[in-house]
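Structure file work.txt with compact mmCIF, C-alpha atoms:
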# COMPACT_ATOMS: atom_id res chain seq x y z
CA MET A 1 79.48 21.09 116.70
CA MET A 2 81.65 23.49 114.76
CA VAL A 3 82.16 22.61 111.19
CA GLY A 4 85.65 23.32 109.94
CA LYS A 5 86.72 25.47 107.05
CA GLY A 6 86.13 24.51 103.48
CA ILE A 7 88.05 21.65 102.06
CA GLU A 8 90.18 23.90 99.96
CA ASP A 9 91.96 25.10 103.10
CA ILE A 10 92.82 21.72 104.45
CA ASP A 11 95.42 19.27 103.37
CA VAL A 12 93.46 16.08 102.93
CA ALA A 13 94.29 13.30 100.55
CA MET A 14 92.24 13.27 97.38
CA PRO A 15 91.41 9.77 96.19
CA ARG A 16 92.36 9.08 92.62
CA ASP A 17 88.80 8.51 91.52
CA ALA A 18 87.78 11.88 92.87
CA TYR A 19 88.95 13.55 89.71
CA ASP A 20 86.52 13.97 86.88
CA THR A 21 88.40 12.47 83.98
CA GLY A 22 85.43 12.66 81.67
CA LYS A 23 85.87 8.98 81.00
CA ASP A 24 83.65 7.59 83.69
CA THR A 25 81.18 4.98 82.71
CA PRO A 26 77.84 6.71 83.05
CA THR A 27 75.29 5.01 85.20
CA PHE A 28 72.44 6.23 83.04
CA ASN A 29 72.13 6.84 79.33
CA ALA A 30 69.42 7.72 76.89
CA TYR A 31 69.63 6.90 73.19
CA LEU A 32 67.73 7.78 70.08
CA THR A 33 67.42 5.21 67.33
CA VAL A 34 65.78 6.24 64.08
CA ILE A 35 64.88 3.68 61.41
CA VAL A 36 63.78 4.99 58.03
CA ARG A 37 61.98 2.74 55.56
CA GLY A 38 61.38 3.34 51.89
CA PRO A 39 58.05 2.96 50.07
CA GLU A 40 58.57 -0.80 49.80
CA GLY A 41 59.23 -1.19 53.50
CA ARG A 42 62.95 -1.78 53.23
CA VAL A 43 65.20 -0.12 55.73
CA VAL A 44 67.05 2.71 54.02
CA LYS A 45 68.72 4.38 56.99
CA ILE A 46 69.52 3.73 60.61
CA HIS A 47 70.52 6.65 62.77
CA ARG A 48 71.67 6.32 66.36
CA GLN A 49 72.76 9.00 68.75
CA ARG A 50 72.91 9.74 72.41
CA SER A 51 69.99 11.65 73.81
CA HIS A 52 71.05 14.46 76.07
CA SER A 53 68.28 16.72 77.00
CA PRO A 54 65.67 16.69 79.73
CA THR A 55 63.74 19.93 79.80
CA SER A 56 63.02 22.03 82.87
CA ASN A 57 59.55 20.44 82.92
CA PHE A 58 61.15 17.04 83.46
CA ILE A 59 63.40 18.35 86.23
CA ALA A 60 60.43 19.94 88.03
CA LEU A 61 58.49 16.68 87.90
CA ILE A 62 61.32 14.35 88.99
CA LEU A 63 62.18 16.33 92.15
CA PRO A 64 61.29 14.49 95.38
CA LEU A 65 58.91 15.70 98.08
CA THR A 66 61.76 16.74 100.38
CA PHE A 67 62.73 19.45 97.93
CA PHE A 68 59.27 21.01 98.16
CA LYS A 69 58.92 20.30 101.89
CA ASN A 70 62.07 22.33 102.53
CA GLY A 71 60.60 25.29 100.68
CA GLY A 72 62.25 24.69 97.35
CA SER A 73 60.79 26.29 94.27
CA ALA A 74 60.76 24.02 91.25
CA PRO A 75 60.99 25.26 87.68
CA THR A 76 57.61 26.54 86.50
CA LEU A 77 55.84 24.07 84.28
CA LYS A 78 55.22 25.45 80.81
CA ASN A 79 52.99 23.57 78.40
CA ILE A 80 53.35 23.47 74.64
CA SER A 81 50.95 26.39 74.31
CA GLY A 82 53.17 28.50 76.54
CA ASN A 83 50.83 28.49 79.54
CA THR A 84 52.55 28.15 82.90
CA SER A 85 51.63 26.30 86.09
CA GLY A 86 53.27 26.02 89.48
CA TYR A 87 54.00 22.57 90.81
CA GLY A 88 54.39 21.70 94.48
CA PRO A 89 53.42 18.18 95.51
CA ALA A 90 53.01 17.33 99.19
CA LEU A 91 51.33 14.86 101.50
CA ASN A 92 48.36 16.83 102.72
CA SER A 93 44.76 17.38 101.76
CA ASN A 94 45.44 20.51 99.74
CA ALA A 95 48.37 19.12 97.82
CA GLN A 96 48.18 18.67 94.10
CA CYS A 97 50.20 15.74 92.88
CA ILE A 98 50.30 13.85 89.59
CA THR A 99 47.03 11.99 89.03
CA TYR A 100 47.00 8.23 89.56
CA PRO A 101 44.55 6.05 87.58
CA ALA A 102 41.16 5.85 89.22
CA SER A 103 37.96 4.49 87.74
CA SER A 104 35.81 7.27 89.13
CA THR A 105 37.76 10.24 87.83
CA ASN A 106 39.43 9.55 84.48
CA ARG A 107 41.95 12.35 84.89
CA ASN A 108 44.72 11.13 82.68
CA THR A 109 48.39 11.81 83.00
CA ASN A 110 49.89 10.00 80.06
CA LEU A 111 52.33 9.91 77.19
CA VAL A 112 50.97 11.90 74.27
CA MET A 113 53.55 11.27 71.58
CA ILE A 114 57.05 11.48 70.34
CA GLN A 115 56.88 14.67 68.34
CA VAL A 116 59.14 15.43 65.39
CA GLY A 117 60.07 18.77 63.93
CA SER A 118 61.98 20.43 61.15
CA GLY A 119 63.63 23.16 63.21
CA GLN A 120 66.07 23.24 66.07
CA GLN A 121 66.84 25.27 69.18
CA SER A 122 70.01 25.60 71.16
CA ASN A 123 68.75 25.50 74.76
CA PRO A 124 66.83 22.27 75.34
CA TYR A 125 66.47 22.92 79.08
CA SER A 126 64.19 25.88 78.54
CA ALA A 127 62.39 24.45 75.50
CA TYR A 128 58.66 23.96 75.99
CA THR A 129 57.77 23.14 72.41
CA LEU A 130 59.62 22.02 69.33
CA ALA A 131 61.05 24.83 67.23
CA ALA A 132 59.03 23.81 64.16
CA PRO A 133 56.74 20.85 64.84
CA ILE A 134 55.80 18.70 61.85
CA ALA A 135 52.03 18.49 61.77
CA ASN A 136 50.10 15.23 61.81
CA GLY A 137 48.59 14.71 58.37
CA SER A 138 49.16 13.89 54.75
CA GLY A 139 49.60 17.39 53.43
CA SER A 140 52.81 18.84 52.12
CA GLY A 141 55.54 18.69 54.76
CA GLN A 142 53.40 16.61 57.09
CA LEU A 143 53.73 13.12 58.56
CA ALA A 144 50.98 10.79 59.73
CA TYR A 145 51.66 10.10 63.40
CA GLY A 146 51.11 6.51 64.58
CA GLN A 147 50.34 5.62 68.17
CA PRO A 148 53.27 5.77 70.61
CA SER A 149 54.29 2.57 72.31
CA VAL A 150 56.06 1.88 75.61
CA SER A 151 57.83 -1.27 76.80
CA SER A 152 55.51 -3.46 78.81
CA SER A 153 58.13 -3.63 81.53
CA ILE A 154 61.71 -2.73 82.27
CA VAL A 155 64.06 -5.26 80.72
CA VAL A 156 66.84 -6.42 83.04
CA SER A 157 69.93 -8.01 81.52
CA GLY A 158 72.86 -8.49 83.90
CA SER A 159 73.43 -5.17 85.60
CA GLU A 160 71.69 -3.29 82.80
CA ALA A 161 68.03 -2.30 82.79
CA TYR A 162 66.14 -0.33 80.15
CA PHE A 163 62.81 0.57 78.65
CA THR A 164 61.87 2.08 75.30
CA ILE A 165 59.34 4.52 73.92
CA SER A 166 58.70 4.31 70.19
CA GLN A 167 56.47 5.71 67.51
CA THR A 168 56.14 5.33 63.74
CA PHE A 169 55.40 8.15 61.31
CA ASN A 170 54.25 7.62 57.71
CA ASN A 171 54.93 10.00 54.90
CA SER A 172 52.06 10.39 52.44
CA SER A 173 52.80 14.01 51.76
CA GLY A 174 53.92 13.65 48.17
CA GLY A 175 57.48 14.73 48.93
CA THR A 176 60.42 14.08 51.22
CA VAL A 177 59.98 15.29 54.80
CA THR A 178 63.09 16.17 56.81
CA ILE A 179 63.31 15.75 60.60
CA ASN A 180 65.81 17.76 62.63
CA GLU A 181 64.40 17.65 66.16
CA VAL A 182 62.57 15.17 68.37
CA GLY A 183 60.80 15.48 71.70
CA ILE A 184 58.64 13.55 74.15
CA ILE A 185 55.28 15.11 75.03
CA MET A 186 53.46 14.10 78.23
CA TYR A 187 49.97 15.24 79.29
CA LEU A 188 49.72 16.19 82.94
CA GLN A 189 46.85 16.65 85.32
CA THR A 190 47.21 17.12 89.06
CA GLN A 191 44.77 15.87 91.65
CA PHE A 192 43.89 17.39 95.02
CA SER A 193 44.34 14.91 97.83
CA SER A 194 40.97 15.94 99.18
CA GLY A 195 39.49 14.40 96.07
CA SER A 196 37.35 17.37 95.21
CA GLY A 197 39.45 19.11 92.66
CA TYR A 198 42.04 18.77 90.00
CA SER A 199 44.01 20.91 87.65
CA THR A 200 44.94 20.43 84.01
CA VAL A 201 48.49 21.47 83.23
CA GLY A 202 48.28 20.24 79.65
CA SER A 203 50.82 18.80 77.25
CA LEU A 204 54.40 19.22 78.37
CA LEU A 205 57.62 18.81 76.44
CA VAL A 206 59.70 16.76 78.88
CA TRP A 207 62.61 15.60 76.71
CA TYR A 208 64.11 17.24 73.64
CA ASP A 209 66.89 16.44 71.20
CA VAL A 210 68.28 17.98 68.08
CA LEU A 211 69.38 15.21 65.72
CA SER A 212 73.09 15.10 65.01
CA SER A 213 72.23 14.81 61.32
CA SER A 214 68.95 15.42 59.50
CA ILE A 215 66.67 12.49 58.74
CA SER A 216 64.91 12.47 55.38
CA VAL A 217 61.76 10.42 55.11
CA PRO A 218 60.92 9.63 51.45
CA ASN A 219 57.40 9.97 50.14
CA GLY A 220 55.57 6.71 50.73
CA GLY A 221 58.08 5.71 53.37
CA SER A 222 58.04 5.74 57.14
CA VAL A 223 60.25 6.45 60.09
CA THR A 224 60.22 4.79 63.50
CA ILE A 225 61.83 6.58 66.43
CA TYR A 226 62.96 4.75 69.55
CA TYR A 227 63.94 6.43 72.79
CA THR A 228 65.83 3.99 74.99
CA PHE A 229 66.40 4.88 78.65
CA THR A 230 68.92 2.62 80.30
CA VAL A 231 70.80 2.30 83.57
CA ASN A 232 74.23 0.69 83.89
CA PRO A 233 74.69 0.20 80.13
CA MET B 1 72.70 3.44 52.31
CA VAL B 2 70.45 0.41 51.81
CA THR B 3 70.54 -2.33 54.38
CA PRO B 4 68.79 -5.67 54.45
CA ASP B 5 65.62 -5.95 56.39
CA LEU B 6 66.22 -6.22 60.06
CA VAL B 7 65.70 -9.23 62.22
CA SER B 8 64.06 -7.19 64.91
CA GLU B 9 63.63 -3.48 65.36
CA GLU B 10 63.69 -4.04 69.08
CA ASP B 11 67.17 -5.49 68.75
CA ILE B 12 68.27 -2.28 67.09
CA ALA B 13 66.83 -0.19 69.87
CA LYS B 14 68.92 -2.19 72.29
CA LEU B 15 72.15 -1.24 70.57
CA THR B 16 73.05 1.30 73.15
CA VAL B 17 76.58 2.31 72.24
CA PRO B 18 76.73 4.14 68.96
CA ASN B 19 80.09 3.76 67.28
CA ASP B 20 79.79 6.95 65.35
CA LEU B 21 79.61 9.33 68.28
CA PRO B 22 82.13 10.52 70.84
CA ASP B 23 81.80 8.86 74.20
CA GLU B 24 79.97 11.68 75.84
CA PRO B 25 77.72 10.43 78.62
CA SER B 26 74.19 11.72 78.96
CA PHE B 27 74.26 11.49 82.70
CA LYS B 28 76.87 11.72 85.40
CA ALA B 29 76.48 10.93 89.06
CA TYR B 30 78.85 11.29 91.98
CA ILE B 31 79.02 10.34 95.61
CA GLU B 32 80.84 12.66 97.96
CA ALA B 33 81.60 12.39 101.65
CA LYS B 34 83.14 14.96 103.95
CA VAL B 35 84.13 13.72 107.39
CA TYR B 36 84.66 16.01 110.37
CA ASP B 37 86.16 15.13 113.73
CA LYS B 38 84.62 16.09 117.05
CA LYS B 39 86.20 19.53 116.85
CA GLY B 40 84.65 20.18 113.47
CA HIS B 41 87.83 19.83 111.48
CA LEU B 42 87.56 18.24 108.07
CA ILE B 43 89.62 15.06 108.21
CA GLN B 44 88.57 13.16 105.08
CA TYR B 45 87.12 13.99 101.70
CA HIS B 46 85.92 11.20 99.46
CA ARG B 47 84.47 11.46 95.99
CA GLN B 48 83.71 8.73 93.50
CA PRO B 49 81.49 8.15 90.50
CA MET B 50 78.12 6.66 91.27
CA ARG B 51 77.60 3.72 89.00
CA SER B 52 74.69 1.65 90.00
CA LEU B 53 71.11 2.76 89.54
CA THR B 54 68.40 0.16 89.95
CA GLU B 55 65.38 -0.60 87.82
CA TYR B 56 63.27 1.15 90.46
CA PHE B 57 65.01 4.45 89.72
CA LEU B 58 64.22 3.93 86.05
CA ALA B 59 60.59 3.14 86.89
CA ILE B 60 60.16 6.33 88.93
CA MET B 61 61.91 8.28 86.19
CA SER B 62 59.34 6.95 83.73
CA ILE B 63 56.56 8.95 85.41
CA PRO B 64 57.70 12.39 84.17
CA LEU B 65 58.23 10.83 80.73
CA ILE B 66 55.17 8.67 80.10
CA GLY B 67 52.86 9.55 82.97
CA THR B 68 50.87 7.14 85.10
CA TYR B 69 48.06 6.13 82.72
CA GLN B 70 48.56 3.29 80.29
CA LEU B 71 48.06 4.09 76.64
CA GLY B 72 44.94 2.65 75.12
CA ALA B 73 43.51 1.41 78.40
CA SER B 74 40.91 3.13 80.49
CA ASN B 75 42.14 4.19 83.91
CA GLN B 76 44.91 1.60 84.13
CA ALA B 77 48.38 2.38 85.42
CA THR B 78 51.36 1.89 83.11
CA ASP B 79 52.81 -1.59 82.97
CA ILE B 80 56.08 -0.27 84.37
CA LEU B 81 54.38 1.04 87.52
CA VAL B 82 52.45 -2.19 88.00
CA ASN B 83 55.11 -4.71 86.97
CA VAL B 84 58.23 -3.07 88.36
CA LEU B 85 57.05 -0.99 91.30
CA GLY B 86 54.17 -3.29 92.20
CA LEU B 87 51.71 -0.39 92.39
CA PRO B 88 47.97 -0.98 92.02
CA SER B 89 46.69 -0.87 88.45
CA GLU B 90 43.66 1.21 89.30
CA GLN B 91 42.05 2.99 92.22
CA GLY B 92 38.35 3.29 92.82
CA SER B 93 38.37 6.87 93.99
CA SER B 94 40.57 9.74 92.93
CA ALA B 95 44.22 9.36 93.77
CA ASN B 96 47.55 11.01 93.16
CA ILE B 97 51.18 9.96 93.26
CA SER B 98 54.35 11.49 94.60
CA TRP B 99 57.73 10.26 95.82
CA ASP B 100 60.58 11.07 98.10
CA TRP B 101 64.23 10.11 98.35
CA SER B 102 66.62 9.50 101.21
CA ILE B 103 70.21 8.34 101.68
CA GLN B 104 71.00 5.12 103.52
CA LEU B 105 74.51 4.17 104.67
CA GLY B 106 75.76 0.70 105.39
CA SER B 107 78.72 -1.27 106.69
CA GLY B 108 78.54 -4.28 104.36
CA THR B 109 79.14 -5.00 100.70
CA GLN B 110 77.31 -7.00 98.06
CA SER B 111 77.27 -7.48 94.32
CA PHE B 112 75.11 -5.06 92.39
CA SER B 113 71.95 -6.06 90.64
CA PRO B 114 69.34 -3.67 89.19
CA THR B 115 66.77 -5.56 91.23
CA LEU B 116 68.51 -5.10 94.59
CA THR B 117 66.11 -4.02 97.30
CA GLY B 118 68.37 -3.00 100.16
CA LEU B 119 71.86 -2.49 101.51
CA ALA B 120 73.84 -5.48 102.75
CA ALA B 121 74.19 -4.12 106.28
CA PRO B 122 72.32 -0.84 106.81
CA ILE B 123 73.60 1.41 109.57
CA ALA B 124 70.64 2.12 111.80
CA ASN B 125 69.52 5.60 112.77
CA GLY B 126 70.34 6.09 116.42
CA THR B 127 72.88 6.94 119.06
CA GLY B 128 73.91 3.43 120.06
CA ALA B 129 77.04 1.51 119.22
CA GLY B 130 77.53 1.15 115.48
CA GLN B 131 74.71 3.54 114.74
CA LEU B 132 74.60 6.99 113.16
CA SER B 133 72.11 9.74 113.74
CA TYR B 134 70.70 10.74 110.33
CA GLY B 135 69.93 14.43 110.00
CA THR B 136 67.44 16.11 107.73
CA LEU B 137 67.78 15.37 104.04
CA SER B 138 68.57 18.28 101.76
CA VAL B 139 67.61 18.40 98.08
CA SER B 140 68.42 21.17 95.64
CA TYR B 141 68.93 21.54 91.92
CA ALA B 142 70.77 23.73 89.44
CA GLY B 143 69.69 23.33 85.84
CA THR B 144 69.64 19.61 85.11
CA THR B 145 71.72 18.67 88.15
CA ILE B 146 70.09 17.50 91.39
CA PHE B 147 71.94 17.40 94.73
CA VAL B 148 70.83 15.14 97.57
CA SER B 149 72.69 15.26 100.86
CA VAL B 150 72.40 14.14 104.44
CA THR B 151 74.43 14.83 107.57
CA VAL B 152 75.09 11.95 109.93
CA THR B 153 76.49 12.23 113.44
CA ASN B 154 78.28 9.60 115.46
CA PHE B 155 77.21 10.11 119.07
CA THR B 156 79.34 7.26 120.37
CA SER B 157 83.02 7.17 121.29
CA SER B 158 83.76 4.47 118.72
CA THR B 159 84.43 4.90 115.03
CA VAL B 160 81.66 3.92 112.62
CA THR B 161 82.84 2.80 109.20
CA VAL B 162 80.74 3.26 106.07
CA THR B 163 81.39 0.94 103.12
CA GLU B 164 78.17 1.14 101.11
CA ILE B 165 75.63 3.81 100.21
CA GLY B 166 72.21 3.70 98.65
CA MET B 167 69.57 6.17 97.62
CA MET B 168 66.21 5.01 98.89
CA GLY B 169 62.88 5.98 97.40
CA THR B 170 59.37 5.99 98.79
CA VAL B 171 56.39 6.27 96.47
CA TYR B 172 53.19 7.61 97.97
CA ILE B 173 49.71 7.09 96.59
CA GLN B 174 47.39 9.54 98.25
CA TYR B 175 43.69 8.80 98.09
CA SER B 176 40.61 10.93 98.32
CA GLY B 177 40.33 11.86 101.97
CA SER B 178 44.11 12.04 102.25
CA SER B 179 44.86 8.50 103.34
CA VAL B 180 48.21 7.37 101.99
CA SER B 181 49.84 4.11 100.92
CA SER B 182 53.61 4.03 100.73
CA TYR B 183 56.00 1.75 98.85
CA ASN B 184 59.76 1.59 99.44
CA TYR B 185 62.55 0.93 96.94
CA LEU B 186 66.31 0.99 96.58
CA LEU B 187 67.08 3.47 93.79
CA SER B 188 70.88 3.18 93.70
CA TYR B 189 73.55 1.06 95.31
CA ASP B 190 77.29 1.63 95.45
CA THR B 191 80.10 0.26 97.53
CA LEU B 192 82.60 2.96 98.42
CA SER B 193 85.97 2.65 96.69
CA SER B 194 87.54 3.09 100.12
CA PRO B 195 85.78 2.97 103.49
CA VAL B 196 84.75 6.24 105.12
CA SER B 197 85.40 6.22 108.86
CA ILE B 198 83.46 8.58 111.10
CA PRO B 199 85.30 8.99 114.41
CA GLY B 200 83.59 9.05 117.78
CA TYR B 201 81.57 12.25 118.21
CA GLY B 202 82.39 13.18 114.66
CA MET B 203 80.06 13.79 111.76
CA ALA B 204 79.93 13.41 108.00
CA VAL B 205 78.06 14.87 105.10
CA PHE B 206 77.19 12.48 102.27
CA GLN B 207 76.05 13.94 98.98
CA ILE B 208 74.76 12.30 95.82
CA THR B 209 74.90 14.44 92.69
CA LEU B 210 72.73 13.43 89.74
CA SER B 211 73.50 15.34 86.58
CA PHE B 212 71.18 14.82 83.61
CA THR B 213 73.42 16.63 81.23
CA GLY B 214 75.34 15.61 78.17
Here is a file; write its structure as structure tokens.
Amino acid sequence: MMVGKGIEDIDVAMPRDAYDTGKDTPTFNAYLTVIVRGPEGRVVKIHRQRSHSPTSNFIALILPLTFFKNGGSAPTLKNISGNTSGYGPALNSNAQCITYPASSTNRNTNLVMIQVGSGQQSNPYSAYTLAAPIANGSGSGQLAYGQPSVSSSIVVSGSEAYFTISQTFNNSSGGTVTINEVGIIMYLQTQFSSGSGYSTVGSLLVWYDVLSSSISVPNGGSVTIYYTFTVNP
Amino acid sequence: MVTPDLVSEEDIAKLTVPNDLPDEPSFKAYIEAKVYDKKGHLIQYHRQPMRSLTEYFLAIMSIPLIGTYQLGASNQATDILVNVLGLPSEQGSSANISWDWSIQLGSGTQSFSPTLTGLAAPIANGTGAGQLSYGTLSVSYAGTTIFVSVTVTNFTSSTVTVTEIGMMGTVYIQYSGSSVSSYNYLLSYDTLSSPVSIPGYGMAVFQITLSFTG
């Protein structure tokens, strides 16, 4: 069958909702909520903003098998040390896909942390590490990283569904620590379907945001960061 | 600013519409359909926002964010994978996970729920009356935008009318030795704002565009 010319050459009616008005209700949203507490545990600041920025690592990992089956080349994975890895999952014995929990192998693919930083960078898509990560510790300019936490399930409320990732950071540095950037770090290993081999990709920055205003964490205080991923908000 | 202690931090995390920011969405999605008659002439173009992702889409999306292993537990899958997708919590031998998408068209309508599992009246793949022949799926990306499209052909003399569209997902767990278990989900569901009619011996291209950009 012959396919006709492009639509620009043909007089067909354009439905009203075909136009991108920029006011559509998004079907998916991600939000950052930051709660700062003072030394006595009282909330001293709440910051909320939309989260905008999957990295190229995230895009490579979310692509479905058909993309790879048709010969597509995903973005190269780049871990936080700058080392690169190809990624091409498939359903065959030589394919390397994301590891799934198995008692005999212990080859984790898991959330590492929400990482915070004091710098910023303008192109989140190509970011593979924070511009200036704040180290885990109690030294000057450092924050003590708590354990990250993930919702035990997806919460469904009406047509909305969401889950959250959160982490608390304590400031025992002796001075105020300022956060300007936030990212989600995930550790990835891939497993051969044949069962004999695996590959460690390492820690990947998969989501990155520059805060719309700086967050100052007072000495003796803490900050808790929530990432909320929601559909049909 | 000093505020009173909060009732629940989780309640704050659920406040999903900041008042202090412009209404700039993080994510946009569109459904497009181009319909051609039997001579290959474009006779209809339809485009509308896609509005209705399910919890299963969110669960699959969690894998590139939080992985497959539960924090603080040895070799256990995340609660989201177990509770939402119904995947096994642990395998005995080595295993890996992957997924695929497809587009399903239908002739019915139904109310949306994030827990929907299928279209109201799926149009079967075939060449019989009321059926459409589904071609090969195409997936591509540009930056943070992913395009998923399928061509369907009506091999009958009668018009087939499409009123609903869904993106389907299949999750595969591949075990040592290459045996595979598969699990199917509805990832999105939308009724079309106006029906798309594919004439006898005509064809149509349906495309879903997912843009993770803000």
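Between CA of Ser104 in chain A and CA of Leu85 in chain B the interatomic distance comes to 22.9 Å.
Counting all atoms listed in the file and comparing B:Ala120, B:Val180, B:Leu132, B:Val196, the residue that lies closest to chain A is B:Val180.
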Taking 3 positions as the minimum chain separation for residues in the same chain, which residues sit within 9 Å of Gly146 in chain A when counting only C-alpha atoms? Answer as a PyMOL selection string. chain A and resi 113+167-170
Counting all atoms listed in the file, the residue among B:Thr151, B:Gln110, B:Ser179, B:Thr163 that lies closest to chain A is B:Ser179
Shortest interatomic distance to Lys28 in chain B - which of B:Ser98, B:Thr78, B:Thr209, B:Gln91, counting all atoms listed in the file: B:Thr209
Using only C-alpha atoms, which protein or nucleic acid residues come within 12 Å of Leu71 in chain B? Drop anything in the same chain fewer than 5 positions from it, and give the result as a PyMOL selection string. (chain A and resi 101+108-113+147-152+165+186-187) or (chain B and resi 66+76-80)
Would you output that residue set with C-alpha atoms, as a PDB file, in the coordinates of the input?
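Wrote it out as result-v6.pdb, contents follow:
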ATOM      1  CA  PRO A 101      44.550   6.050  87.580  1.00  0.00           C
ATOM      2  CA  ASN A 108      44.720  11.130  82.680  1.00  0.00           C
ATOM      3  CA  THR A 109      48.390  11.810  83.000  1.00  0.00           C
ATOM      4  CA  ASN A 110      49.890  10.000  80.060  1.00  0.00           C
ATOM      5  CA  LEU A 111      52.330   9.910  77.190  1.00  0.00           C
ATOM      6  CA  VAL A 112      50.970  11.900  74.270  1.00  0.00           C
ATOM      7  CA  MET A 113      53.550  11.270  71.580  1.00  0.00           C
ATOM      8  CA  GLN A 147      50.340   5.620  68.170  1.00  0.00           C
ATOM      9  CA  PRO A 148      53.270   5.770  70.610  1.00  0.00           C
ATOM     10  CA  SER A 149      54.290   2.570  72.310  1.00  0.00           C
ATOM     11  CA  VAL A 150      56.060   1.880  75.610  1.00  0.00           C
ATOM     12  CA  SER A 151      57.830  -1.270  76.800  1.00  0.00           C
ATOM     13  CA  SER A 152      55.510  -3.460  78.810  1.00  0.00           C
ATOM     14  CA  ILE A 165      59.340   4.520  73.920  1.00  0.00           C
ATOM     15  CA  MET A 186      53.460  14.100  78.230  1.00  0.00           C
ATOM     16  CA  TYR A 187      49.970  15.240  79.290  1.00  0.00           C
TER      17      TYR A 187
ATOM     18  CA  ILE B  66      55.170   8.670  80.100  1.00  0.00           C
ATOM     19  CA  GLN B  76      44.910   1.600  84.130  1.00  0.00           C
ATOM     20  CA  ALA B  77      48.380   2.380  85.420  1.00  0.00           C
ATOM     21  CA  THR B  78      51.360   1.890  83.110  1.00  0.00           C
ATOM     22  CA  ASP B  79      52.810  -1.590  82.970  1.00  0.00           C
ATOM     23  CA  ILE B  80      56.080  -0.270  84.370  1.00  0.00           C
TER      24      ILE B  80
END
Missing atoms in range 74-88 of chain B need filling: write out N, CA and C atoms for it as a compact mmCIF listing (two decimals), in the coordinates of the input.
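Output saved as part_3.txt:
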# COMPACT_ATOMS: atom_id res chain seq x y z
N SER B 74 41.64 2.15 79.71
CA SER B 74 40.91 3.13 80.49
C SER B 74 41.29 3.03 81.96
N ASN B 75 41.85 4.09 82.48
CA ASN B 75 42.14 4.19 83.91
C ASN B 75 43.01 3.06 84.45
N GLN B 76 43.96 2.61 83.66
CA GLN B 76 44.91 1.60 84.13
C GLN B 76 46.30 2.22 84.22
N ALA B 77 47.03 1.86 85.27
CA ALA B 77 48.38 2.38 85.42
C ALA B 77 49.31 1.75 84.38
N THR B 78 50.41 2.43 84.09
CA THR B 78 51.36 1.89 83.11
C THR B 78 51.90 0.54 83.59
N ASP B 79 52.26 -0.27 82.62
CA ASP B 79 52.81 -1.59 82.97
C ASP B 79 54.04 -1.46 83.85
N ILE B 80 54.85 -0.43 83.59
CA ILE B 80 56.08 -0.27 84.37
C ILE B 80 55.74 -0.04 85.84
N LEU B 81 54.74 0.78 86.11
CA LEU B 81 54.38 1.04 87.52
C LEU B 81 53.83 -0.22 88.18
N VAL B 82 53.06 -0.98 87.42
CA VAL B 82 52.45 -2.19 88.00
C VAL B 82 53.48 -3.32 88.10
N ASN B 83 54.22 -3.55 87.02
CA ASN B 83 55.11 -4.71 86.97
C ASN B 83 56.41 -4.52 87.73
N VAL B 84 56.92 -3.30 87.72
CA VAL B 84 58.23 -3.07 88.36
C VAL B 84 58.07 -2.55 89.79
N LEU B 85 57.21 -1.57 89.96
CA LEU B 85 57.05 -0.99 91.30
C LEU B 85 55.98 -1.72 92.12
N GLY B 86 55.20 -2.55 91.46
CA GLY B 86 54.17 -3.29 92.20
C GLY B 86 53.04 -2.40 92.68
N LEU B 87 52.80 -1.29 92.00
CA LEU B 87 51.71 -0.39 92.39
C LEU B 87 50.37 -0.92 91.87
N PRO B 88 49.28 -0.51 92.48
CA PRO B 88 47.97 -0.98 92.02
C PRO B 88 47.69 -0.48 90.60
